[in-house]
Amino acid sequence: MLKYSFKRLFQSLITLFIVITVVFLLMRLMPEEGYFGDGYEKLDEVQKEAILTSMGLRDPMHIQLKNFYYDLLSGDLGESIIYRPKVPIAEILKSKIPYSVRFGLAAMAISLIFGVSLGITMSRSKNQFWDKIGTGYIVFINAVPAAVYYLFLQLYVTDILKLPILFNPDRPISWILPAISMSLGGTASYAMWMRRYMVDELNKDYVKLARAKGLRDKSIMVKHVLRNAFVPMVQYLPTSLLFTISGSIYIESLYSIPGMGGLLVDAIQRQDNTLVQALVLIYSSIGIIGLFLGDVLMATLDPRIKLERKAGAR
């Protein structure tokens with residue numbers, strides 16, 4: 001297990017290095033206006049060149065990349081140019097992360113509770129009423145663009161339930177609808193996969209044998225079927241959790257939540273190149289770390305998984 005973990009960690013670090021390097025190089029292809037802020041049109045060519053030179057953007061590319069990695073390993077993500085001029089990006093993130101973490105954990109909890117419960121109910125009533133209701137919900141969430149039902153909830157449900165249409169940190173009631181909206185996709189995903197894995201397990205021989213021995217359905221479901229069906233889902237939990245905690249881009253923008261998701265939208269709209277670069281790197285790192293943790297967690301919980309290929313095996 002330890003050998004496998006180190007191997008996956010090494011692969012993840014190599015992938016992260018490649019992703020960070022590609023993002024850095026792509027950002028250097030972006031228009032240079034994103035490095036000047038609002039005063040770009042007021043500067044002459046000499047002033048522009050002086051600013052770019054002072055920022056190291058006129059150095060050879062390998063020198064820029066070396067300096068970038070040195071700063072990154074030192075914890076320096078650079079400074080915002082347009083969003084909050086001259087303010088370190090790390091300081092900006094400190095005020096954004098708490099909101100994304102709170103909403104992310106709330107949405108994750110809602111998704112797991114209702115998604116897993118719905119998936120279990122659907123599997124136990126296959127092709128019956130609740131299975132059809134759950135299938136309809138899953139199809140709707142996957143077929144309809146998220147922006148459509150997010151906007152519907154904000155415009156109509158807020159009016160029906162008398163909830164605030166925008167987020168206000170001083171009003172706890174304004175946390176309800178954004179958290180629920182953020183959990184809809186996860187709920188559908190967990191329900192779909194839980195149903196699939198539960199149905200697969202219920203059709204296996206060991207379940208039929210357990211029933212033949214006289215074990216109660218509740219005991220079979222809890223001690224065997226549910227445990228085995230949940231193992232494959234574990235692989236996706238770390239990635240889902242990390243991405244949810246990092247903030248939903250659309251939800252945070254829609255409800256004016258001052259989190260990391262809305263920050264990325266603002267940075268792109270304002271063409272703040274250094275801030276966009278830092279946020280893209282963070283989201284890329286989250287994805288890679290999530291996949292690594294998912295693989296290790298799944299291998300830890302399921303002893304049947306073979307971590308290494310045996311000699312002579314095909």
# chains A, B, ... in the order shown; residues from 1 in each chain; ligands from 1
call {"tool": "select_by_dssp", "arguments": {"residues": "stretch 33-217 of chain A", "states": "helix (DSSP H, G or I)", "output": "ChimeraX atom specification"}}
result
/A:33-35,37-42,45-54,61-73,89-124,129-143,146-160,172-202,205-212,217
call {"tool": "residues_around", "arguments": {"residues": "A:Gly290", "least_positions_apart": "2", "cutoff": "10 Å", "atoms": "only C-alpha atoms", "output": "list in words"}}
result
Ser12, Gln235, Tyr236, Leu237, Pro238, Thr239, Ser240, Leu241, Leu242, Phe243, Ser284, Ser285, Ile286, Gly287, Ile288, Phe292, Leu293, Gly294 and Asp295 of chain A
call {"tool": "residues_around", "arguments": {"residues": "stretch 96-111 of chain A", "least_positions_apart": "6", "cutoff": "12 Å", "atoms": "only C-alpha atoms", "output": "PyMOL selection string"}}
result
chain A and resi 89-90+117-119+167-169+172+174-192+237-249+251-253+255-264+279+282
call {"tool": "closest_residue", "arguments": {"among": "A:Ala278, A:Leu254, A:Met298, A:Leu226", "to": "A:Asp76", "atoms": "only C-alpha atoms"}}
result
A:Ala278
call {"tool": "atom_distance", "arguments": {"atom1": "atom CA of A:Met55", "atom2": "atom CA of A:Val23"}}
result
18.0 Å
call {"tool": "closest_residue", "arguments": {"among": "A:Leu26, A:Ala50, A:Ile268, A:Val144", "to": "A:Tyr83", "atoms": "only C-alpha atoms"}}
result
A:Ile268
call {"tool": "atom_distance", "arguments": {"atom1": "atom CA of A:Met30", "atom2": "atom CA of A:Tyr250"}}
result
23.6 Å
call {"tool": "closest_residue", "arguments": {"among": "A:Leu25, A:Val222, A:Val265, A:Ile120", "to": "A:Trp193", "atoms": "only C-alpha atoms"}}
result
A:Ile120
